[in-house]
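File shown here: structure21.txt, holding compact mmCIF, C-alpha atoms.
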# COMPACT_ATOMS: atom_id res chain seq x y z
CA MET A 10 10.69 30.19 15.42
CA ALA A 11 10.76 29.20 19.08
CA GLY A 12 7.32 30.70 19.54
CA GLY A 13 5.96 28.63 16.65
CA ILE A 14 7.42 25.42 18.09
CA SER A 15 6.00 26.16 21.54
CA TRP A 16 2.60 26.87 19.98
CA PHE A 17 2.70 23.56 18.08
CA TRP A 18 3.51 21.60 21.25
CA ASN A 19 0.95 23.43 23.34
CA GLU A 20 -0.17 21.16 26.16
CA ARG A 21 -3.76 22.28 25.79
CA PHE A 22 -3.89 20.65 22.37
CA TRP A 23 -2.03 17.41 23.01
CA LEU A 24 -3.00 16.62 26.60
CA PRO A 25 -6.18 16.62 28.69
CA ALA A 26 -6.94 19.49 31.06
CA ASN A 27 -4.66 19.88 34.09
CA VAL A 28 -1.92 17.68 32.56
CA THR A 29 1.46 19.02 31.43
CA TRP A 30 4.48 17.55 29.68
CA ALA A 31 6.32 17.74 32.98
CA ASP A 32 3.80 15.29 34.47
CA LEU A 33 4.90 12.66 31.95
CA LYS A 34 8.56 12.53 32.88
CA ASN A 35 10.09 9.08 33.08
CA THR A 36 10.74 7.62 36.50
CA ASP A 37 12.22 4.41 37.84
CA HIS A 38 8.73 2.94 37.93
CA ALA A 39 7.16 4.26 34.72
CA VAL A 40 8.37 5.03 31.19
CA TYR A 41 6.23 7.21 28.94
CA PRO A 42 6.46 7.90 25.19
CA LYS A 43 8.87 10.70 24.33
CA LEU A 44 9.47 12.74 21.19
CA GLU A 45 13.10 11.59 21.28
CA ASP A 46 11.87 8.10 20.46
CA PHE A 47 11.17 9.26 16.90
CA TYR A 48 14.91 9.62 16.31
CA ALA A 49 15.15 5.85 15.92
CA VAL A 50 12.37 5.61 13.30
CA LEU A 51 14.14 6.99 10.20
CA PRO A 52 17.35 4.92 10.64
CA LEU A 53 15.26 1.79 11.22
CA ALA A 54 13.18 2.57 8.12
CA VAL A 55 16.38 2.76 6.08
CA VAL A 56 17.54 -0.53 7.63
CA LEU A 57 14.21 -2.12 6.69
CA LEU A 58 14.66 -0.92 3.10
CA GLY A 59 18.08 -2.57 3.08
CA ILE A 60 16.69 -5.81 4.50
CA ARG A 61 13.91 -5.68 1.94
CA PHE A 62 16.42 -5.23 -0.91
CA VAL A 63 18.37 -8.30 0.18
CA PHE A 64 15.22 -10.34 0.88
CA GLU A 65 13.60 -9.61 -2.49
CA ARG A 66 16.69 -10.54 -4.47
CA CYS A 67 18.18 -13.36 -2.45
CA ILE A 68 15.08 -15.10 -1.09
CA ALA A 69 11.84 -13.99 -2.77
CA ALA A 70 13.17 -13.97 -6.35
CA PRO A 71 14.59 -17.53 -6.18
CA ILE A 72 11.33 -18.75 -4.64
CA GLY A 73 9.44 -17.01 -7.44
CA HIS A 74 11.60 -18.74 -10.06
CA LEU A 75 10.94 -22.12 -8.44
CA LEU A 76 7.21 -21.43 -8.58
CA GLY A 77 7.43 -20.51 -12.25
CA VAL A 78 6.77 -16.78 -11.85
CA LYS A 79 7.69 -14.94 -15.04
CA SER A 80 10.73 -12.72 -14.76
CA ARG A 81 10.60 -11.22 -18.23
CA LYS A 82 8.62 -8.13 -19.02
CA HIS A 83 5.86 -7.73 -21.60
CA HIS A 84 6.63 -7.93 -25.31
CA ALA A 85 8.38 -4.78 -26.52
CA ALA A 86 6.64 -2.61 -29.07
CA ALA A 87 8.20 -2.63 -32.53
CA PRO A 88 10.63 0.34 -32.84
CA ASN A 89 8.95 3.26 -34.57
CA THR A 90 10.24 6.84 -34.49
CA ILE A 91 6.91 8.53 -35.23
CA LEU A 92 4.87 6.60 -32.65
CA GLU A 93 7.63 6.87 -30.07
CA LYS A 94 7.67 10.64 -30.46
CA VAL A 95 3.90 10.80 -29.95
CA PHE A 96 4.14 8.47 -26.96
CA ARG A 97 6.79 10.57 -25.23
CA SER A 98 5.76 14.11 -26.09
CA VAL A 99 2.00 14.03 -26.76
CA SER A 100 0.10 11.22 -25.07
CA LYS A 101 0.54 7.64 -23.97
CA ARG A 102 -3.15 7.08 -24.74
CA PRO A 103 -3.91 9.08 -27.92
CA GLU A 104 -7.51 9.96 -28.75
CA GLN A 105 -9.30 8.30 -31.64
CA LYS A 106 -8.70 11.09 -34.18
CA ARG A 107 -4.95 11.05 -33.57
CA LEU A 108 -4.90 7.26 -33.85
CA GLU A 109 -6.64 7.47 -37.21
CA GLY A 110 -4.17 10.12 -38.41
CA LEU A 111 -1.19 8.01 -37.34
CA ALA A 112 -2.68 4.96 -39.05
CA LYS A 113 -2.94 6.86 -42.35
CA GLN A 114 0.57 8.24 -41.99
CA LEU A 115 2.07 4.79 -41.42
CA ASP A 116 -0.36 2.89 -43.65
CA TRP A 117 -1.33 0.71 -40.69
CA SER A 118 -4.74 -0.23 -39.39
CA VAL A 119 -6.08 1.79 -36.47
CA ARG A 120 -6.13 -1.38 -34.39
CA SER A 121 -2.43 -1.95 -35.10
CA VAL A 122 -1.63 1.54 -33.84
CA GLU A 123 -3.76 0.97 -30.73
CA ARG A 124 -1.93 -2.26 -30.06
CA TRP A 125 1.44 -0.55 -30.49
CA PHE A 126 0.56 2.01 -27.82
CA ARG A 127 -0.74 -0.73 -25.51
CA ARG A 128 2.50 -2.64 -26.00
CA ARG A 129 4.55 0.50 -25.43
CA ARG A 130 2.74 1.30 -22.18
CA ASN A 131 3.19 -2.23 -20.90
CA GLN A 132 6.84 -2.23 -21.96
CA ASP A 133 7.65 0.17 -19.11
CA ARG A 134 5.75 -1.84 -16.54
CA PRO A 135 7.50 -4.22 -14.15
CA SER A 136 7.59 -7.97 -14.56
CA ILE A 137 5.38 -10.36 -12.58
CA LEU A 138 8.47 -11.44 -10.61
CA VAL A 139 9.00 -7.87 -9.37
CA LYS A 140 5.40 -7.79 -8.12
CA PHE A 141 5.88 -11.20 -6.51
CA THR A 142 9.00 -10.10 -4.60
CA GLU A 143 7.37 -6.87 -3.36
CA THR A 144 4.32 -8.81 -2.20
CA SER A 145 6.51 -11.45 -0.50
CA TRP A 146 8.26 -8.77 1.54
CA ARG A 147 5.00 -7.27 2.79
CA CYS A 148 3.65 -10.74 3.57
CA VAL A 149 6.69 -11.59 5.68
CA PHE A 150 6.58 -8.29 7.56
CA TYR A 151 2.85 -8.43 8.28
CA THR A 152 3.22 -12.01 9.51
CA CYS A 153 6.08 -11.09 11.84
CA ALA A 154 4.37 -7.92 13.08
CA PHE A 155 1.03 -9.64 13.70
CA THR A 156 2.73 -12.55 15.47
CA TYR A 157 4.63 -10.15 17.73
CA GLY A 158 1.51 -8.09 18.38
CA VAL A 159 -0.78 -11.01 19.09
CA ILE A 160 1.77 -12.39 21.58
CA SER A 161 2.32 -9.05 23.35
CA VAL A 162 -0.95 -7.09 23.25
CA PRO A 163 -3.53 -9.67 24.48
CA GLN A 164 -1.51 -10.05 27.67
CA GLU A 165 -2.68 -6.58 28.69
CA PRO A 166 -6.05 -6.22 30.49
CA TRP A 167 -7.04 -3.21 28.37
CA PHE A 168 -7.07 -5.42 25.27
CA TRP A 169 -10.14 -7.23 26.70
CA ASP A 170 -11.79 -4.18 28.27
CA MET A 171 -11.25 -1.09 26.10
CA ARG A 172 -12.58 1.23 28.76
CA LEU A 173 -9.23 0.69 30.49
CA CYS A 174 -7.60 2.44 27.54
CA TRP A 175 -8.91 5.70 29.02
CA HIS A 176 -8.80 5.21 32.78
CA GLN A 177 -6.03 7.34 34.33
CA PHE A 178 -5.09 8.63 30.89
CA PRO A 179 -2.43 9.75 29.92
CA PHE A 180 -0.48 8.12 32.75
CA HIS A 181 -0.05 4.83 30.93
CA ALA A 182 3.46 3.45 31.24
CA VAL A 183 4.87 1.86 28.09
CA THR A 184 6.35 -1.62 28.40
CA PRO A 185 9.39 -2.67 26.29
CA ALA A 186 7.11 -4.92 24.22
CA ILE A 187 4.76 -2.05 23.35
CA TYR A 188 7.72 0.25 22.63
CA ASN A 189 9.25 -2.27 20.20
CA TYR A 190 5.88 -2.89 18.55
CA TYR A 191 5.28 0.81 17.94
CA ILE A 192 8.76 1.62 16.67
CA MET A 193 8.67 -1.41 14.35
CA GLU A 194 5.31 -0.41 12.83
CA MET A 195 6.28 3.25 12.45
CA SER A 196 9.55 2.33 10.76
CA PHE A 197 7.80 -0.04 8.36
CA TYR A 198 5.17 2.48 7.25
CA LEU A 199 7.83 5.16 6.88
CA SER A 200 9.75 2.74 4.63
CA LEU A 201 6.58 2.29 2.54
CA VAL A 202 6.26 6.07 2.21
CA LEU A 203 9.91 6.35 1.17
CA SER A 204 9.46 3.67 -1.50
CA LEU A 205 6.10 4.89 -2.87
CA PHE A 206 7.56 6.16 -6.14
CA THR A 207 9.83 3.17 -6.76
CA ASP A 208 7.35 0.37 -5.99
CA VAL A 209 4.94 -1.03 -8.55
CA ARG A 210 2.40 1.71 -9.23
CA ARG A 211 -1.18 0.48 -9.13
CA LYS A 212 -4.50 2.03 -10.05
CA ASP A 213 -5.19 3.08 -6.47
CA PHE A 214 -1.85 4.88 -6.05
CA ILE A 215 -3.50 7.99 -4.57
CA PRO A 216 -5.71 6.13 -2.02
CA GLN A 217 -2.74 3.91 -1.16
CA SER A 218 -0.56 6.98 -0.59
CA ILE A 219 -3.25 8.53 1.60
CA HIS A 220 -3.47 5.26 3.52
CA HIS A 221 0.29 5.12 4.18
CA PHE A 222 0.48 8.76 5.27
CA THR A 223 -2.66 8.48 7.40
CA THR A 224 -1.42 5.31 9.08
CA LEU A 225 2.00 6.83 9.75
CA LEU A 226 0.38 9.98 11.15
CA LEU A 227 -2.02 7.93 13.25
CA ILE A 228 0.75 5.82 14.78
CA SER A 229 3.00 8.85 15.37
CA PHE A 230 0.16 10.92 16.76
CA SER A 231 -1.02 8.18 19.12
CA TRP A 232 2.52 7.78 20.38
CA THR A 233 2.88 11.51 21.04
CA CYS A 234 -0.42 11.68 22.96
CA ASN A 235 0.17 8.30 24.62
CA PHE A 236 -2.87 6.74 22.95
CA THR A 237 -0.69 3.64 22.86
CA ARG A 238 -3.26 1.23 24.25
CA ILE A 239 -5.93 1.86 21.63
CA GLY A 240 -3.14 2.26 19.07
CA CYS A 241 -1.85 -1.27 19.70
CA ILE A 242 -5.36 -2.66 19.24
CA VAL A 243 -5.67 -0.79 15.93
CA MET A 244 -2.35 -2.19 14.68
CA VAL A 245 -3.20 -5.79 15.59
CA THR A 246 -6.62 -5.34 13.99
CA HIS A 247 -5.08 -4.19 10.70
CA ASP A 248 -2.18 -6.61 10.30
CA VAL A 249 -4.22 -9.82 10.38
CA ALA A 250 -6.08 -9.28 7.09
CA ASP A 251 -3.02 -8.05 5.20
CA ILE A 252 -1.26 -11.40 5.68
CA PHE A 253 -3.90 -13.28 3.70
CA LEU A 254 -4.12 -10.57 1.03
CA GLU A 255 -0.40 -10.75 0.31
CA CYS A 256 -0.50 -14.56 0.34
CA ALA A 257 -3.38 -14.50 -2.16
CA LYS A 258 -1.42 -12.19 -4.45
CA MET A 259 1.68 -14.38 -4.26
CA CYS A 260 -0.35 -17.47 -5.19
CA ASN A 261 -2.04 -15.55 -8.00
CA TYR A 262 1.27 -14.43 -9.48
CA ALA A 263 2.47 -18.05 -9.32
CA LYS A 264 -0.79 -19.16 -11.00
CA LEU A 265 -1.75 -21.30 -8.00
CA HIS A 266 -5.41 -20.46 -8.42
CA THR A 267 -6.96 -22.76 -5.82
CA PRO A 268 -4.68 -21.54 -2.96
CA ALA A 269 -5.14 -17.97 -4.24
CA ASN A 270 -8.93 -18.23 -4.07
CA THR A 271 -8.75 -19.84 -0.63
CA MET A 272 -6.45 -17.13 0.74
CA PHE A 273 -8.55 -14.43 -0.87
CA GLY A 274 -11.70 -15.85 0.71
CA ILE A 275 -10.05 -15.86 4.15
CA PHE A 276 -8.79 -12.34 3.54
CA THR A 277 -12.28 -11.12 2.60
CA VAL A 278 -13.76 -12.48 5.82
CA ALA A 279 -10.85 -11.21 7.94
CA PHE A 280 -11.02 -7.76 6.33
CA PHE A 281 -14.77 -7.48 6.84
CA VAL A 282 -14.68 -8.63 10.47
CA SER A 283 -11.58 -6.66 11.53
CA ARG A 284 -11.92 -3.39 9.58
CA ILE A 285 -15.60 -3.01 8.70
CA ILE A 286 -17.11 -4.44 11.89
CA PHE A 287 -14.55 -4.44 14.73
CA LEU A 288 -12.83 -1.13 13.90
CA PRO A 289 -15.90 1.15 13.88
CA PHE A 290 -18.14 -0.66 16.39
CA TRP A 291 -15.48 -1.46 18.99
CA VAL A 292 -12.32 0.61 18.47
CA ILE A 293 -13.79 3.90 17.18
CA TYR A 294 -16.74 3.52 19.56
CA SER A 295 -14.32 3.24 22.47
CA SER A 296 -12.13 6.14 21.27
CA THR A 297 -15.19 8.40 21.00
CA VAL A 298 -17.83 7.30 23.52
CA HIS A 299 -15.66 5.74 26.25
CA CYS A 300 -13.03 8.46 25.97
CA MET A 301 -15.64 11.20 26.13
CA SER A 302 -17.45 9.75 29.14
CA ILE A 303 -14.33 8.89 31.15
CA MET A 304 -12.08 11.91 30.65
CA GLY A 305 -13.88 14.38 28.36
CA PRO A 306 -12.76 15.83 25.03
CA PHE A 307 -9.65 17.84 24.21
CA PRO A 308 -8.30 18.98 20.77
CA ALA A 309 -6.12 15.93 20.16
CA TYR A 310 -9.15 13.74 20.80
CA TYR A 311 -10.86 15.15 17.70
CA LEU A 312 -7.79 14.83 15.48
CA PHE A 313 -7.12 11.26 16.56
CA ASN A 314 -10.68 10.17 15.84
CA GLY A 315 -10.67 12.12 12.59
CA LEU A 316 -7.66 10.06 11.43
CA LEU A 317 -9.42 6.86 12.48
CA VAL A 318 -12.52 7.82 10.49
CA THR A 319 -10.33 8.64 7.46
CA LEU A 320 -8.81 5.19 7.73
CA LEU A 321 -12.28 3.66 7.97
CA GLY A 322 -13.33 5.51 4.81
CA LEU A 323 -10.37 4.04 2.93
CA HIS A 324 -11.31 0.58 4.20
CA CYS A 325 -14.84 1.01 2.87
CA TYR A 326 -13.43 1.98 -0.53
CA TRP A 327 -11.15 -1.07 -0.58
CA PHE A 328 -13.92 -3.35 0.62
CA TYR A 329 -15.89 -2.30 -2.45
CA LEU A 330 -12.92 -3.42 -4.58
CA ILE A 331 -12.68 -6.64 -2.57
CA VAL A 332 -16.34 -7.46 -3.16
CA SER A 333 -15.83 -6.79 -6.87
CA MET A 334 -12.84 -9.15 -6.93
CA ALA A 335 -14.74 -11.79 -4.98
CA TYR A 336 -17.61 -11.61 -7.44
CA LYS A 337 -15.21 -12.07 -10.36
CA ALA A 338 -13.49 -14.94 -8.57
CA LEU A 339 -16.80 -16.75 -7.99
CA TRP A 340 -18.06 -15.99 -11.50
CA HIS A 341 -14.91 -17.03 -13.38
CA GLY A 342 -13.81 -19.77 -11.02
CA LYS A 343 -10.49 -18.12 -10.24
CA LEU A 344 -9.00 -14.89 -9.01
CA GLU A 345 -8.54 -13.13 -12.35
CA LYS A 346 -6.39 -10.24 -11.18
CA ASP A 347 -5.83 -7.73 -8.45
CA ALA A 348 -8.46 -5.01 -8.71
CA ARG A 349 -5.61 -2.56 -8.18
CA SER A 350 -3.56 -4.09 -11.00
CA ASP A 351 -1.29 -1.87 -13.02
CA VAL A 352 -1.45 -4.02 -16.18
CA ASP A 353 -3.91 -3.31 -18.97
CA GLU A 354 -2.68 -5.89 -21.49
CA SER A 355 -4.84 -8.99 -21.60
CA MET A 356 -3.40 -10.74 -24.64
CA SER A 357 -1.73 -14.12 -24.44
CA ASP A 358 1.87 -14.58 -25.55
CA SER A 359 0.82 -16.19 -28.84
CA ASP A 360 -1.59 -13.35 -29.57
CA ALA A 361 1.16 -10.87 -28.83
CA LEU A 362 3.53 -12.53 -31.30
CA GLN A 363 0.84 -12.56 -33.97
CA GLU A 364 0.18 -8.90 -33.32
CA GLU A 365 3.85 -7.98 -33.74
CA ASN A 366 3.98 -9.89 -37.01
CA GLY A 367 0.82 -8.11 -38.13
CA ILE A 368 2.29 -4.70 -37.39
CA ASN A 369 5.49 -5.54 -39.20
CA ASN A 370 3.56 -6.79 -42.23
CA HIS A 371 1.55 -3.55 -42.38
CA ASN A 372 4.79 -1.63 -42.31
CA THR A 373 5.93 -2.48 -45.84
CA LYS A 374 5.22 1.01 -47.27
CA TYR A 375 7.02 2.74 -44.46
CA THR A 376 10.38 1.79 -46.16
CA HIS A 377 13.30 -0.05 -44.64
CA ASN A 378 15.16 3.23 -44.21
CA ALA A 379 12.52 4.64 -41.87
CA TYR A 380 12.35 1.38 -39.94
CA SER A 381 16.14 1.26 -39.61
CA SER A 382 16.34 4.85 -38.43
CA SER A 383 13.62 4.26 -35.83
CA LYS A 384 15.43 1.16 -34.60
CA ALA A 385 18.69 3.09 -34.35
CA ALA A 386 16.94 5.88 -32.46
CA ALA A 387 15.51 3.37 -30.02
CA ASN A 388 18.93 1.77 -29.52
CA ASN A 389 20.52 5.17 -28.94
CA HIS A 390 17.81 6.02 -26.40
CA HIS A 391 18.47 2.83 -24.46
Please re-express this file's structure in structure tokens.
Amino acid sequence: MAGGISWFWNERFWLPANVTWADLKNTDHAVYPKLEDFYAVLPLAVVLLGIRFVFERCIAAPIGHLLGVKSRKHHAAAPNTILEKVFRSVSKRPEQKRLEGLAKQLDWSVRSVERWFRRRRNQDRPSILVKFTETSWRCVFYTCAFTYGVISVPQEPWFWDMRLCWHQFPFHAVTPAIYNYYIMEMSFYLSLVLSLFTDVRRKDFIPQSIHHFTTLLLISFSWTCNFTRIGCIVMVTHDVADIFLECAKMCNYAKLHTPANTMFGIFTVAFFVSRIIFLPFWVIYSSTVHCMSIMGPFPAYYLFNGLLVTLLGLHCYWFYLIVSMAYKALWHGKLEKDARSDVDESMSDSDALQEENGINNHNTKYTHNAYSSSKAAANNHH
């Protein structure tokens, strides 16, 4: 076990040639990143989850109510034992042949059965208010983090000349401001990882999960290797666009379409400039070309840049979604929905009521006894 740990922390992987862990001991004049610093990350992530819980319920939810954000969920599907059994044990999206068979069995139209399954899927989805509160929390954090970063990081000379990120590496002392910035960002992304399966699940759940894990690994890895200078620039670069994205979503949920389109337009420009232009042509260029020319490669150099390139690939994927959303916004005159939306029901409330009435009218031959038993089964389930 000890041999495996020593192999994992081999200096030849993590540090440049002729540098050892002993060389990075703290002194009265210089403080370097230490593995012990990670001990504070998990407790702070739990604290952030607690702060988020209070914020979403005591601040974001009341604001959402004032803005008219809907707190109720989608219309519930009419109780039906047969369809509920298929939904739970067979498929939430039955194929056409099964839909036709169910329609004959219930003496419904195929479209009525399709609508029932759509209603049933949406029944389990969260309300718009839940999405609004989650988005509000991320917006507040990104705003605070970017404000702190933009106050602290540009004061350093290496922010303006990235070649200084590699001169005398890894002997770069960490200031209290940089320490706080790193620990705050690591704790936040760990909190996002911990809440992945309880947050609203969107269409890009897998890419989003990869993004959170990659970002957390990148921040943790850069701290371990003392790539803190380039790491701070990466964090500032990423936080700026997220502020406008979360603001656009909040406005969209509140049906404030003009502010939503404005914020989304700013976000699109900020995302393109910061993550599609600045990240590869300045940050990744410096971490590959400058680093190679100034101090030469070592194993951690390849892993660090591999994580950066993975992050860039995710940004390119999301930029494709952003362009698609921007096109829809320009074409329809408003931001129709988040391209990562988890909702597939597009009916209005009046249409939904008519649909329920239609299903109930088609149900006359399915006897009141069957309907009553299905309703009782649904009540017992709840």
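Going from CA of Ala70 (chain A) over to CA of Phe141 (chain A), you cover 7.8 Å.
Take the candidates A:Lys79, A:Arg130, A:Arg210, A:Lys113 and check each one against Glu93 (chain A) using all atoms listed in the file; the shortest distance goes to A:Arg130.
Checking A:Lys140, A:Trp146, A:Phe126, A:Val249 one by one against His84 (chain A), counting only C-alpha atoms, you find the shortest gap at A:Phe126.
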Item to check | Selection: 12 Å around Ser204 (chain A), only C-alpha atoms, excl. self and same-chain fewer than 6 positions, as a list in words | outcome: Ala54, Val55, Leu57, Leu58, Gly59, Arg61, Phe62, Glu143, Phe197, Tyr198, Arg210, Ser218 and His221 of chain A
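Between CA of Met272 (chain A) and CA of Cys260 (chain A) there is a distance of 8.5 Å.
Near Gly73 (chain A), within 9 Å and counting all atoms listed in the file, sit Ile68, Val78, Lys79, Ser80, Leu138, Phe141, Thr142, Met259, Tyr262 and Ala263 of chain A, not including residues fewer than 5 positions from it in the same chain.
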